[in-house]
Amino acid sequence: MSNLLEIRNVTKVYQRGLLSAHAKVALKEFNLILPENDPSILTVAGESGSGKTTLAMLVLGFITPTTGEILYRGKNITTLRGAERMAYRREVQAVFQDPFAVFNPFYTVDHLLTVPIKQFKLAKSGKDARNKMDEALTAVGLRPEDVLGRFPHQLSGGQRQRINVARALLLKPKLLIADEPVSMVDASLRANILESLKNLHRDHGVTIIYITHDLTTAYHVADTITVLYRGDVVEKGDVETVIRNPQHAYTRLLVDSIPWPNLDQKWGQHSVRSKESQAEFKANAPTP
Amino acid sequence: MNLATTENASSRNAAAAGASPILRVQDLVVTYYTDLGRARALDGVSFTLEAGMKMGMVGESGSGKSTLALAMMRMIKPPGRIEGGHVWVGGTDLQSLDDEGMRKARLSKIAYIPQGAMNSLNPVTRIGEQMVDAIKSHLSGESRQAINDRCVWALKSVDLDPGVFHMYAHELSGGMKQRVCIAIGILLRPEVIIADEPTSALDVVTQRQVMETIDKVQDELNSAVILIGHDMGLMAQTMDRVAVMYAGRLVEVATVREMFTDPKHPYSQALISSLPTLDNRGQFKGIPGLAPSLLRLPSGCAFHPRCPLASDRSRSEKPKVNVLPGGRLVACHIYDQES
Amino acid sequence: MTRVNFKLIAKRLSFLVLVIWAASTIVFFVPRLSPRNALRERFAELARSGGFAPGDIEKLITNMNQQFGLDKPLLEQYWTYLGNIIRMDFGYSLNRYPATVTDIISQALPWTFFLLLFTTILSFIIGNLLGAISAWPKSPRWLRGIATPFVLLTGVPPVIMGVLLLFFIGFRLKLLPLGGPYSIGIVPNWSWDFAVDVLRHQMLPALALVLGSVGGWVLSMRGMGVTIQGEDYVNFAEHKGLTGGRIFRDYYLRNTLLPQVTGLALALGTLVTSALVVEQLFGLPGLGQVLNNAIRSNDFPVIYGIVLFITIAIAVLMAVLEFIYPLLDPRVRNQ
Amino acid sequence: QSPLAATAPKEIAPATPLPEVPRNQTVVLGWGVALSSPIGVTNPWALPGYTHQEGNAFMWEPLMYFAIFKGEYVPWLADSMEYTDDTFTALEIKLNKDAKWSDGTPVTSKDVKFTFDGQLNNSKLPYNAHFTQFVSSTDIVDDLTVKVNFKSPAPRFKFEVLTEKFDTGIPIVPADYLSSKPDVNMEPGSIDIPHSGPYDLKAWNGNQKIFDYRPDWWAVKAGRIAEPAVKRVIIANITGVSMDTVAQRVVNNEFDSALDMRSSVIGNILAQNPEITTHTGSESPFGYLDWWPNSLWMNTQLEPYSDPKVRRAMSLVINRDVINDILYEGAPIATIYPFPLYPNLQAFADTPAVKALEEQYQPRKFDTEESAKLMGEAGFTLNGDGLWEKDGKTIDATIQGFEGIHSDIVPILVEMLRQGGFDAAINFGPDAYQNMADGKAGLYMFGHGASLYDPFEALNLFHGKYSEAIGTSAGNNRFSRYKNPEYDEILDSIAPLSSDDPKFQEGAAKALGIYWRDQIDIPIIQWLHRIAYNQHYWKNWPTAENPAMGTNGAFWAHTGLLVITSLQPSGAQ
Amino acid sequence: MEQPSSLTLFLRYLNRNRGLAVGVVILIGLVLFTVIGLITINPKHAYPLSVATKQPPSLKYPFGTDFFGRNLMAAMVVGMWQTAVIGVVAGGLGTLIGVVLGFTSAYFGGWIDSTIRTICQILTPIPVLLIQVVVAGSLDKRDVTILTMALIVVMLAWMGPTLVIRAQVLTMKERQFVSVAKLSGVGDIAIIFKEILPNLLPFIAAAFVGQVFSAVFASFYLAVLGLGPLREPLLGNIIWAAQLQGAFFNGWWWWPIAPSIGMILILASLALINMGLDELANPRVRKTE
Ligand SMILES: Nc1ncnc2c1ncn2[C@@H]1O[C@H](COP(=O)(O)OP(=O)(O)OP(=O)(O)O)[C@@H](O)[C@H]1O
Ligand SMILES: Nc1ncnc2c1ncn2[C@@H]1O[C@H](COP(=O)(O)OP(=O)(O)OP(=O)(O)O)[C@@H](O)[C@H]1O
Ligand SMILES: [Mg+2]
Ligand SMILES: [Mg+2]
């Protein structure tokens, strides 16, 4: 059985200056296997600076691991060339956090959809392309005539983020990396977008790596979860188990701090043992 | 243990409910005059709040939450304009004050803790200086010692080491900065505190610490707190009352319990049911359609295009605010007859 | 906390050396690319002004070429020249031989220095205040309007400005002297009267420079100001109920002024060039006038010397500002 | 390290405060004080760097001056200076017995011999060429008598070299002081050097130069002149200052005189201050004739200027009437002669022989058609831009000139040439003179600094023996590089003759004819010095009506000493 | 939602950004003056000896005539045209070099970047105008033409745009749409030209205008020092000539006035436009829409 993606012992160290001794270990000996024929949704959670985006960038091939390797369909992604590389580019896609920054402000939002169609030769004719775009937009609940031909700033955040999801739909990737796709979106829209993502997974068998710091949505979207703390995996497993019964102290603190919109689910139910252990995890707060 | 505190708070709130409100907002109207047209960002908002109460203010982005806060502070800047309404704080009508009077009222009567504390502190002066600044602008007669004591008290109230006094903003973490802002906000023990999304940029753990700080401070001052945000979870965790805004109007105000168990307005209902909880894993129910643009609001009830219960009347007539038993406010035609 | 960062200092110093090297190299080779012979021209000029030519001009030129080392291969001259620069020895003026370039610069420098000091400070203060005021939404309308004419004045080259001032204030109104560093016949001395006399003579040239350079500051300050205006901390200051004056001073001006300080060195660069013309126009015996004469007579040691001197001054000023800046701005203090 | 550099002061500041001298005993002159000479150089033999123009003329004196507008010698250090016979091979000089240096020692034969031997033996000194050509020896007869022996007849040596007028001639230098110096060319002089002139240098910096009168000046006692009224001379620096400002400062009585003005400015100075006068009073052309008539010189060795037809064609497109009209308000300044029309030279120009030649060659003629015809003959054709062209190349007619003095005339010439089809342009760069000297360029605006008394020196400028190859320096400003044996023969035959000799007149006319025939250069204008004399504080400036000492009024010339010492107070406070 | 037409929006923008509007209006005025002038006026009259001399402004000679008999009207037209040529050539070249180097530097990074950046930084403190004066002074006068003037000006004027463009490309490069374009299979070159370059147009325009400004200023400066092509009626040359002939003193005030006002208008309009473009390019400075 072949694996779609395999991450083997990947460590990423950011070097500040050329001579600087201060190196930042953003991700430590990370391992992950995503099988090809069993698409799933995997959540990577963790507080700010824990290495989530670094992981996404590694998988997308935008940065190279310091040690370890990332295999796509059994091949190291840094060595991919020609058609294989094109296939990798096409099959591994992303939805990013900021629904504004992904649009080139110079072009209308169509650009986001037409470029991949052209580059990956997804359509036989202009008409075909237009049909495909309409189809994808409709699938995420947008009316094509409402959004096409507009500039990014003329659309709302929700609309923009859904166009992003539509782009992923259009490309029907094998692997979708969603790096905090709803953190900049209104609470009331989150549900809509996550729903689209889930549909994508269900209807097209797309494997999704859902990156978030928001455990509430993670809990709802994912099958399995990996919790990162300063580049280290502190806990991983089935979502239900991890959220309901966290083992690691950090995970417990995290889960306990989730503001559930539920009057019976108040903060402090899984109480943290002592103030000290909380202080231990006070993320990055310099002592005065 | 925490539940117990909540119980305490609610009983205290119940007691306070009888008292006369410390904050009264009436028919506040704000319009932004933009190139593309007039945007009525606040359309006759009225509510009251008693001392010691915490009210959450939720609503989609652009629904006018920050505008409301700024309007209460009389800090709407061009192209915006306050076009009507009153804000009473403890018997003073802020709209009737002259500019100097309003300046004095800020911070001493009504304090605003801004959205994005990350950038709200002057990067080139020490935190202490910024605190002293604020005190001196209001209490000219205060002695050095008194000023110092006040600052130390405020910093301690928000769980910060008094050493912060001598630090610069860039030396603090996000949570600390947010707490410094709160400390500045309470320096003059204002009667009303408005916090605009104080936690949206923080991660969950810090978020919780900040909310607990606000709680604690309020206990000490017994002022009325308005917390703006769009995270229903946060509201459920910390607030006494929740106000829901939609397109510049207040569509529902209710206690937290009522809001989560029995939302009245169709928008509130949709909002509540779209929330993920531990019990409904994997089910999503978004609100269909899109938020309207303030520039071209739908006629009648602004929510009608997305409302499953919309009637012909919703399409043509703006619903007025109905007062339901227990002081609940709902702006929907459905409840017209009940009042 | 403020540890001396030797690595940074070393880096800045080596950068400084590179700047000086680049400037001296440009200045060395450019005039030599032309087939002209400065010495011959110098003699020619002497001959013309005296109405005669020395008998054996060629022989003289050979002599002088030897004396100035101009007969050596270009590269050898270049090395000698670099060596001399390191010792701050710019050689002799061809035109005013036997005066050395260093002599000439040191005589002229005080005039230019004071003129520039005076005008830089004045235009920095006026320009930044006006710029800040014009970008500050609460400043009175008439005050905001005042900035515009100054911006337009940047379009007036210093020559034109100088001529206009001379014509109207000097010729027509006879308010200020028409030129020269001090009144004719006075011997420089350390007296109050002399200082006043000098100041009166500096007024017009300084005015010409200030009027022309204020606009630059207004513009950059305005850009800065508009940026900072929207900053949350300025808004928060208002929420805190601070008075407008205090917000303007402590929150707005302090933040906008800081980055402007770094612009000082480059502004000085432009100002020096303007001063070149203005000094000439007003007959001030400063670096500008010396340089002008040198250019006209192709007195290249003097040209090198002055251009290099100015470059070094600007580069050093830039480095100094870079070191001082952290002291002014706490944000960059520890890193 | 050069000794001159080591000893030259950087700035001369008086050790004790200078005595107060009221404005009405002070004369203020606008001039460059540190433009071409280094501060502190007062020794006439210091080199390079000495110039008499920046006030140093007030310190040094010659054997004799020449009063050009009276046409007579003014004996000075010398009482007399006579050729011993009419073959002009020896000259006897008798010095004044009262002449003294500023240190109180007398000026003697020793100093004269030292001066002459220096010029003869020191190739760096300006008159070395003259001395080596003519002088064989200088003999001391007694303390006050010197005899100069010539190798060949030198009828003009007394006038050209030993007499100071305009910017030529040599001063006598102190033998004792200079002979004690290891290298006379490297000795700055400063305030220490003994000098015979009446003014002592007191202060000198980039802004001004101050001279104070020395009451024990020998010339008063000797009866050469009355006690001067000017007790202080200040040369105020105006280097690079615009003409407007200088003019205005003259109008404001700040300056008593300043460098000469362009034609356009001088009239307005008079209009604005009635106390100011000029050589011709308030009448055009406001100036006196300088010895420096300007021509468009051409390098006659360089294509196409080597073709007399082209040279003539260029002359034919110059309209001298237009020049007079535009630049000089109709005053007849444009000229056809290579020498200034001083009385004696005017007489020469008016001789029937010269008149006949002028009729024959028509040097003043303006005729574009004839010009075009000549150009056609020379093988040129007009191109699309209306410019003469040969082998696809237009004529490089860039006029080399000097910004400060030619900025009015040269643009006009350029335009006239262009209208005549010559591809003209301007070069006022500092390399202009160099281009003239080495002959790489073809066309130059320059004066003939030669004749004052008779036409010989002017004509001698074109002698073939000075015709250097292109690339080597044209000695003594002889830019034409003209070579014509016929012409040389005429000049050689008149060289030993006195100027009043009829043979001389005849030969000179013939040479002038060749000058016109071959159009060796194109004479353009007489050179005028338009100097403003401010009479608010000082009267008795030399003008046409009041010749005073008979010199020109340029204070910067060698004769400036006579101008300043003859000034009389106007009585203004 | 109905959008106002882009023309209305543009006009409204100009109304908000008054400086830009005024600058553009002045510039259009100058261009019209030059173009109409070139059509209707005999350019020969821009040179000496073509008309009566020293005439004050009149119907026949709106700007008067000068000492040498130029019609100052014609001289202004030709001078403006030549100034424009210098400005556009020098500005264009400088900007082009800046854009190419800036992009190369920022996009490829590494040693290329550090070399280009270091060179720029090293050259920055050197007073450009002085060097230009030295260069112009060293040139053979016959070689000084309108074109060489422009080249002299370009010589040390490309560092500014290079650094600006480089900084912009660097931030652009980090923008997410570039990542998205990569994900869409767009190659490096296409990313530069199709994704990044269009967004830099306001910056490039601003850099261009800034370059034109300094080019015009520098050429004017050189001309006023008498280092320009002297026969040409460049505005600086006319002022230079007027100064040499003592125009103010002689009461020929119109002679230096016309070119001075012309130069002030050109430079002021460019300064205003540059300021306006700055506002357009920098969203933080951009006034709210
Ligand atoms: N280019 C870089 N150079 C140096 N350090 C970096 C770089 N990018 C990220 N880091 C550091 O690596 C760590 C992990 O960063 P990363 O962006 O992966 O965190 P994250 O989990 O995505 O955080 P967030 O929730 O804030 O997006 C952080 O400490 C960050 O400061
Ligand atoms: N300065 C302004 N100019 C024009 N329109 C404005 C301005 N400020 C706010 N608005 C408009 O007013 C409306 C209300 O804005 P407001 O900032 O109060 O919303 P909000 O509820 O605080 O949103 P968020 O949750 O995003 O902070 C929005 O539609 C916004 O576009
Ligand atoms: Mg991230
Ligand atoms: Mg808000």
# chains A, B, ... in the order shown; residues from 1 in each chain; ligands from 1

$ residues_around --residues "D:Phe446" --least-positions-apart "6" --cutoff "10 Å" --atoms "only C-alpha atoms" --output "short mmCIF file (atom, residue, chain, number, x, y, z; two decimals) with N, CA, C and O atoms, in the first residue's frame"
data_model
loop_
_atom_site.label_atom_id
_atom_site.label_comp_id
_atom_site.auth_asym_id
_atom_site.auth_seq_id
_atom_site.Cartn_x
_atom_site.Cartn_y
_atom_site.Cartn_z
N ARG C 48 46.83 83.61 -19.25
CA ARG C 48 45.81 84.49 -19.80
C ARG C 48 45.58 85.67 -18.88
O ARG C 48 45.52 86.81 -19.29
N TRP D 292 43.80 94.50 -26.11
CA TRP D 292 43.51 93.10 -26.33
C TRP D 292 42.38 92.88 -27.34
O TRP D 292 41.36 92.28 -27.01
N PRO D 293 42.50 93.42 -28.58
CA PRO D 293 41.41 93.21 -29.54
C PRO D 293 41.22 91.72 -29.80
O PRO D 293 42.18 90.97 -29.90
N ASN D 294 39.96 91.31 -29.86
CA ASN D 294 39.66 89.88 -29.98
C ASN D 294 39.36 89.46 -31.41
O ASN D 294 38.66 90.15 -32.14
N SER D 295 39.91 88.33 -31.76
CA SER D 295 39.63 87.74 -33.07
C SER D 295 39.05 86.36 -32.89
O SER D 295 39.16 85.77 -31.81
N LEU D 296 38.45 85.87 -33.93
CA LEU D 296 38.22 84.44 -34.00
C LEU D 296 39.50 83.86 -34.59
O LEU D 296 39.75 83.97 -35.78
N TRP D 297 40.31 83.28 -33.73
CA TRP D 297 41.54 82.67 -34.20
C TRP D 297 41.21 81.33 -34.82
O TRP D 297 40.26 80.66 -34.43
N ILE D 399 33.42 77.30 -30.80
CA ILE D 399 34.29 78.41 -30.42
C ILE D 399 34.75 78.21 -28.99
O ILE D 399 33.94 78.11 -28.07
N GLN D 400 36.06 78.15 -28.79
CA GLN D 400 36.61 78.07 -27.45
C GLN D 400 36.70 79.49 -26.90
O GLN D 400 37.19 80.39 -27.60
N GLY D 401 36.20 79.67 -25.69
CA GLY D 401 36.22 81.03 -25.16
C GLY D 401 36.12 81.01 -23.65
O GLY D 401 36.24 79.96 -23.02
N PHE D 402 35.89 82.19 -23.08
CA PHE D 402 35.90 82.31 -21.62
C PHE D 402 34.59 82.90 -21.14
O PHE D 402 34.19 83.97 -21.57
N HIS D 406 33.38 86.45 -22.42
CA HIS D 406 32.89 86.24 -23.78
C HIS D 406 31.42 85.85 -23.84
O HIS D 406 30.90 85.54 -24.90
N TYR D 433 41.16 77.07 -22.91
CA TYR D 433 42.48 77.59 -23.23
C TYR D 433 43.42 76.47 -23.67
O TYR D 433 44.21 76.63 -24.61
N MET D 436 43.04 75.73 -27.14
CA MET D 436 43.69 76.71 -28.01
C MET D 436 45.19 76.42 -28.07
O MET D 436 45.79 76.40 -29.13
N ASN D 477 50.76 82.35 -26.85
CA ASN D 477 49.42 82.54 -27.41
C ASN D 477 49.39 82.72 -28.92
O ASN D 477 48.57 83.44 -29.45
N PHE D 479 48.22 81.13 -31.60
CA PHE D 479 47.37 79.97 -31.89
C PHE D 479 47.20 79.69 -33.38
O PHE D 479 46.71 78.64 -33.75
N PRO D 523 39.35 89.22 -37.27
CA PRO D 523 39.23 90.22 -36.21
C PRO D 523 37.77 90.54 -35.94
O PRO D 523 36.97 90.69 -36.87
N ILE D 524 37.43 90.60 -34.68
CA ILE D 524 36.02 90.79 -34.35
C ILE D 524 35.78 92.12 -33.65
O ILE D 524 35.08 92.98 -34.16
#

$ interface_residues --of "chain D" --to "chain E" --cutoff "8 Å" --atoms "only C-alpha atoms" --output "list in words"
Ser242, Met243, Asp244, Ala247, Gln248, Arg262, Ser264, Val265, Asn268, Ile326, Thr398, Gly404, Ser407, Asp408, Pro411, Ile412, Glu415, Met416, Ala425, Ile426, Asn427, Phe428, Gly429 and Asp431 of chain D

$ residues_around --residues "stretch 204-215 of chain D" --least-positions-apart "5" --cutoff "9 Å" --atoms "only C-alpha atoms" --output "PyMOL selection string"
(chain C and resi 107-108+180-182+184-185+283-286) or (chain D and resi 10-14+32-35+39-40+54-55+58+102+197-199+227-228+230-238)

$ residues_around --residues "C:Phe150" --least-positions-apart "2" --cutoff "10 Å" --atoms "only C-alpha atoms" --output "PDB file with N, CA and C atoms, in the first residue's frame"
ATOM      1  N   GLY C 127      10.362  72.531   9.265  1.00  0.00           N
ATOM      2  CA  GLY C 127       9.761  71.584   8.334  1.00  0.00           C
ATOM      3  C   GLY C 127       8.985  70.501   9.045  1.00  0.00           C
ATOM      4  N   LEU C 130       5.849  71.921  10.754  1.00  0.00           N
ATOM      5  CA  LEU C 130       4.799  72.207   9.775  1.00  0.00           C
ATOM      6  C   LEU C 130       4.220  70.917   9.222  1.00  0.00           C
ATOM      7  N   GLY C 131       5.101  69.961   8.928  1.00  0.00           N
ATOM      8  CA  GLY C 131       4.634  68.686   8.387  1.00  0.00           C
ATOM      9  C   GLY C 131       3.722  67.997   9.374  1.00  0.00           C
ATOM     10  N   GLY C 145      -2.815  74.931   6.063  1.00  0.00           N
ATOM     11  CA  GLY C 145      -2.604  75.498   4.729  1.00  0.00           C
ATOM     12  C   GLY C 145      -1.194  76.024   4.558  1.00  0.00           C
ATOM     13  N   ILE C 146      -0.591  76.422   5.642  1.00  0.00           N
ATOM     14  CA  ILE C 146       0.721  77.062   5.578  1.00  0.00           C
ATOM     15  C   ILE C 146       1.788  76.123   5.028  1.00  0.00           C
ATOM     16  N   ALA C 147       1.559  74.822   5.192  1.00  0.00           N
ATOM     17  CA  ALA C 147       2.563  73.855   4.750  1.00  0.00           C
ATOM     18  C   ALA C 147       2.679  73.816   3.223  1.00  0.00           C
ATOM     19  N   THR C 148       1.551  74.023   2.544  1.00  0.00           N
ATOM     20  CA  THR C 148       1.549  73.866   1.084  1.00  0.00           C
ATOM     21  C   THR C 148       2.559  74.775   0.376  1.00  0.00           C
ATOM     22  N   LEU C 152       5.609  73.713  -2.178  1.00  0.00           N
ATOM     23  CA  LEU C 152       5.823  74.251  -3.524  1.00  0.00           C
ATOM     24  C   LEU C 152       7.220  74.852  -3.634  1.00  0.00           C
ATOM     25  N   LEU C 153       7.698  75.408  -2.537  1.00  0.00           N
ATOM     26  CA  LEU C 153       9.028  76.028  -2.577  1.00  0.00           C
ATOM     27  C   LEU C 153      10.131  75.017  -2.863  1.00  0.00           C
ATOM     28  N   THR C 154       9.889  73.727  -2.559  1.00  0.00           N
ATOM     29  CA  THR C 154      10.915  72.744  -2.905  1.00  0.00           C
ATOM     30  C   THR C 154      11.177  72.752  -4.395  1.00  0.00           C
ATOM     31  N   GLY C 155      10.165  73.200  -5.133  1.00  0.00           N
ATOM     32  CA  GLY C 155      10.335  73.264  -6.583  1.00  0.00           C
ATOM     33  C   GLY C 155      11.194  74.443  -7.016  1.00  0.00           C
ATOM     34  N   VAL C 156      11.504  75.325  -6.107  1.00  0.00           N
ATOM     35  CA  VAL C 156      12.311  76.487  -6.493  1.00  0.00           C
ATOM     36  C   VAL C 156      13.777  76.172  -6.237  1.00  0.00           C
ATOM     37  N   VAL C 210      17.037  77.569   3.759  1.00  0.00           N
ATOM     38  CA  VAL C 210      15.942  77.074   4.610  1.00  0.00           C
ATOM     39  C   VAL C 210      14.654  77.004   3.803  1.00  0.00           C
ATOM     40  N   LEU C 211      14.344  78.092   3.091  1.00  0.00           N
ATOM     41  CA  LEU C 211      13.096  78.101   2.324  1.00  0.00           C
ATOM     42  C   LEU C 211      13.048  76.929   1.368  1.00  0.00           C
ATOM     43  N   GLY C 212      14.196  76.628   0.776  1.00  0.00           N
ATOM     44  CA  GLY C 212      14.197  75.554  -0.208  1.00  0.00           C
ATOM     45  C   GLY C 212      14.129  74.174   0.404  1.00  0.00           C
ATOM     46  N   SER C 213      14.594  74.034   1.647  1.00  0.00           N
ATOM     47  CA  SER C 213      14.684  72.670   2.165  1.00  0.00           C
ATOM     48  C   SER C 213      13.590  72.331   3.173  1.00  0.00           C
ATOM     49  N   VAL C 214      12.862  73.335   3.615  1.00  0.00           N
ATOM     50  CA  VAL C 214      11.788  73.048   4.567  1.00  0.00           C
ATOM     51  C   VAL C 214      10.778  72.081   3.961  1.00  0.00           C
ATOM     52  N   GLY C 215      10.474  72.317   2.686  1.00  0.00           N
ATOM     53  CA  GLY C 215       9.441  71.512   2.034  1.00  0.00           C
ATOM     54  C   GLY C 215       9.725  70.022   2.087  1.00  0.00           C
ATOM     55  N   GLY C 216      10.993  69.651   1.932  1.00  0.00           N
ATOM     56  CA  GLY C 216      11.354  68.236   1.966  1.00  0.00           C
ATOM     57  C   GLY C 216      10.937  67.609   3.284  1.00  0.00           C
ATOM     58  N   TRP C 217      11.249  68.315   4.354  1.00  0.00           N
ATOM     59  CA  TRP C 217      10.873  67.799   5.676  1.00  0.00           C
ATOM     60  C   TRP C 217       9.364  67.760   5.813  1.00  0.00           C
ATOM     61  N   VAL C 218       8.712  68.822   5.350  1.00  0.00           N
ATOM     62  CA  VAL C 218       7.251  68.852   5.451  1.00  0.00           C
ATOM     63  C   VAL C 218       6.683  67.601   4.798  1.00  0.00           C
ATOM     64  N   LEU C 219       7.194  67.327   3.600  1.00  0.00           N
ATOM     65  CA  LEU C 219       6.655  66.191   2.850  1.00  0.00           C
ATOM     66  C   LEU C 219       6.858  64.875   3.583  1.00  0.00           C
TER      67      LEU C 219
END

$ interface_residues --of "chain E" --to "chain A" --cutoff "7 Å" --atoms "only C-alpha atoms" --output "tab-separated table (two decimals) with all heavy atoms, in the first residue's frame"
chain	number	residue	atom	x	y	z
E	175	ARG	N	4.21	37.92	0.27
E	175	ARG	CA	2.74	37.96	0.28
E	175	ARG	C	2.20	36.61	-0.16
E	175	ARG	O	2.79	35.90	-0.97
E	175	ARG	CB	2.22	39.05	-0.69
E	175	ARG	CG	2.59	40.44	-0.26
E	175	ARG	CD	1.60	41.01	0.73
E	175	ARG	NE	0.35	41.39	0.08
E	175	ARG	CZ	0.16	42.57	-0.50
E	175	ARG	NH1	1.10	43.46	-0.52
E	175	ARG	NH2	-0.99	42.85	-1.06
E	176	GLN	N	1.03	36.27	0.40
E	176	GLN	CA	0.55	34.93	0.15
E	176	GLN	C	0.13	34.67	-1.28
E	176	GLN	O	0.17	33.55	-1.74
E	176	GLN	CB	-0.60	34.61	1.11
E	176	GLN	CG	-0.13	33.70	2.21
E	176	GLN	CD	-1.17	33.54	3.29
E	176	GLN	OE1	-2.33	33.87	3.10
E	176	GLN	NE2	-0.74	33.03	4.42
E	177	PHE	N	-0.25	35.73	-1.99
E	177	PHE	CA	-0.68	35.43	-3.36
E	177	PHE	C	0.45	34.88	-4.20
E	177	PHE	O	0.20	34.18	-5.19
E	177	PHE	CB	-1.40	36.62	-4.01
E	177	PHE	CG	-0.56	37.84	-4.22
E	177	PHE	CD1	0.34	37.90	-5.28
E	177	PHE	CD2	-0.71	38.94	-3.40
E	177	PHE	CE1	1.08	39.03	-5.49
E	177	PHE	CE2	0.04	40.07	-3.61
E	177	PHE	CZ	0.93	40.11	-4.66
E	180	VAL	N	0.34	31.29	-3.48
E	180	VAL	CA	-0.79	30.70	-4.18
E	180	VAL	C	-0.46	30.52	-5.66
E	180	VAL	O	-0.79	29.49	-6.26
E	180	VAL	CB	-2.06	31.56	-3.99
E	180	VAL	CG1	-3.17	31.07	-4.89
E	180	VAL	CG2	-2.48	31.52	-2.53
E	183	LEU	N	1.54	27.56	-6.07
E	183	LEU	CA	0.68	26.38	-5.97
E	183	LEU	C	-0.12	26.17	-7.24
E	183	LEU	O	-0.54	25.07	-7.55
E	183	LEU	CB	-0.28	26.52	-4.79
E	183	LEU	CG	0.34	26.35	-3.41
E	183	LEU	CD1	-0.72	26.49	-2.35
E	183	LEU	CD2	1.02	25.00	-3.30
E	184	SER	N	-0.34	27.29	-7.97
E	184	SER	CA	-1.09	27.16	-9.21
E	184	SER	C	-0.18	26.80	-10.37
E	184	SER	O	-0.59	26.86	-11.53
E	184	SER	CB	-1.82	28.46	-9.52
E	184	SER	OG	-2.69	28.78	-8.48
E	185	GLY	N	1.06	26.49	-10.07
E	185	GLY	CA	1.97	26.04	-11.11
E	185	GLY	C	2.59	27.14	-11.92
E	185	GLY	O	3.10	26.92	-13.01
E	186	VAL	N	2.59	28.38	-11.41
E	186	VAL	CA	3.18	29.49	-12.16
E	186	VAL	C	4.69	29.51	-11.91
E	186	VAL	O	5.13	29.33	-10.78
E	186	VAL	CB	2.56	30.83	-11.71
E	186	VAL	CG1	3.12	31.98	-12.53
E	186	VAL	CG2	1.05	30.77	-11.83
E	195	GLU	N	2.57	38.49	-11.48
E	195	GLU	CA	1.97	38.63	-10.15
E	195	GLU	C	2.53	39.84	-9.39
E	195	GLU	O	1.78	40.60	-8.80
E	195	GLU	CB	2.22	37.36	-9.32
E	195	GLU	CG	1.65	36.09	-9.95
E	195	GLU	CD	0.12	36.00	-9.82
E	195	GLU	OE1	-0.44	36.60	-8.89
E	195	GLU	OE2	-0.49	35.33	-10.68
E	198	PRO	N	2.82	44.00	-11.66
E	198	PRO	CA	1.66	44.89	-11.74
E	198	PRO	C	1.38	45.62	-10.43
E	198	PRO	O	0.99	46.79	-10.44
E	198	PRO	CB	0.51	43.95	-12.09
E	198	PRO	CG	1.13	42.76	-12.67
E	198	PRO	CD	2.47	42.62	-12.03
E	199	ASN	N	1.63	44.94	-9.32
E	199	ASN	CA	1.35	45.58	-8.04
E	199	ASN	C	2.34	46.67	-7.70
E	199	ASN	O	2.07	47.50	-6.85
E	199	ASN	CB	1.35	44.54	-6.93
E	199	ASN	CG	0.11	43.72	-6.97
E	199	ASN	OD1	-0.97	44.23	-6.76
E	199	ASN	ND2	0.26	42.44	-7.28
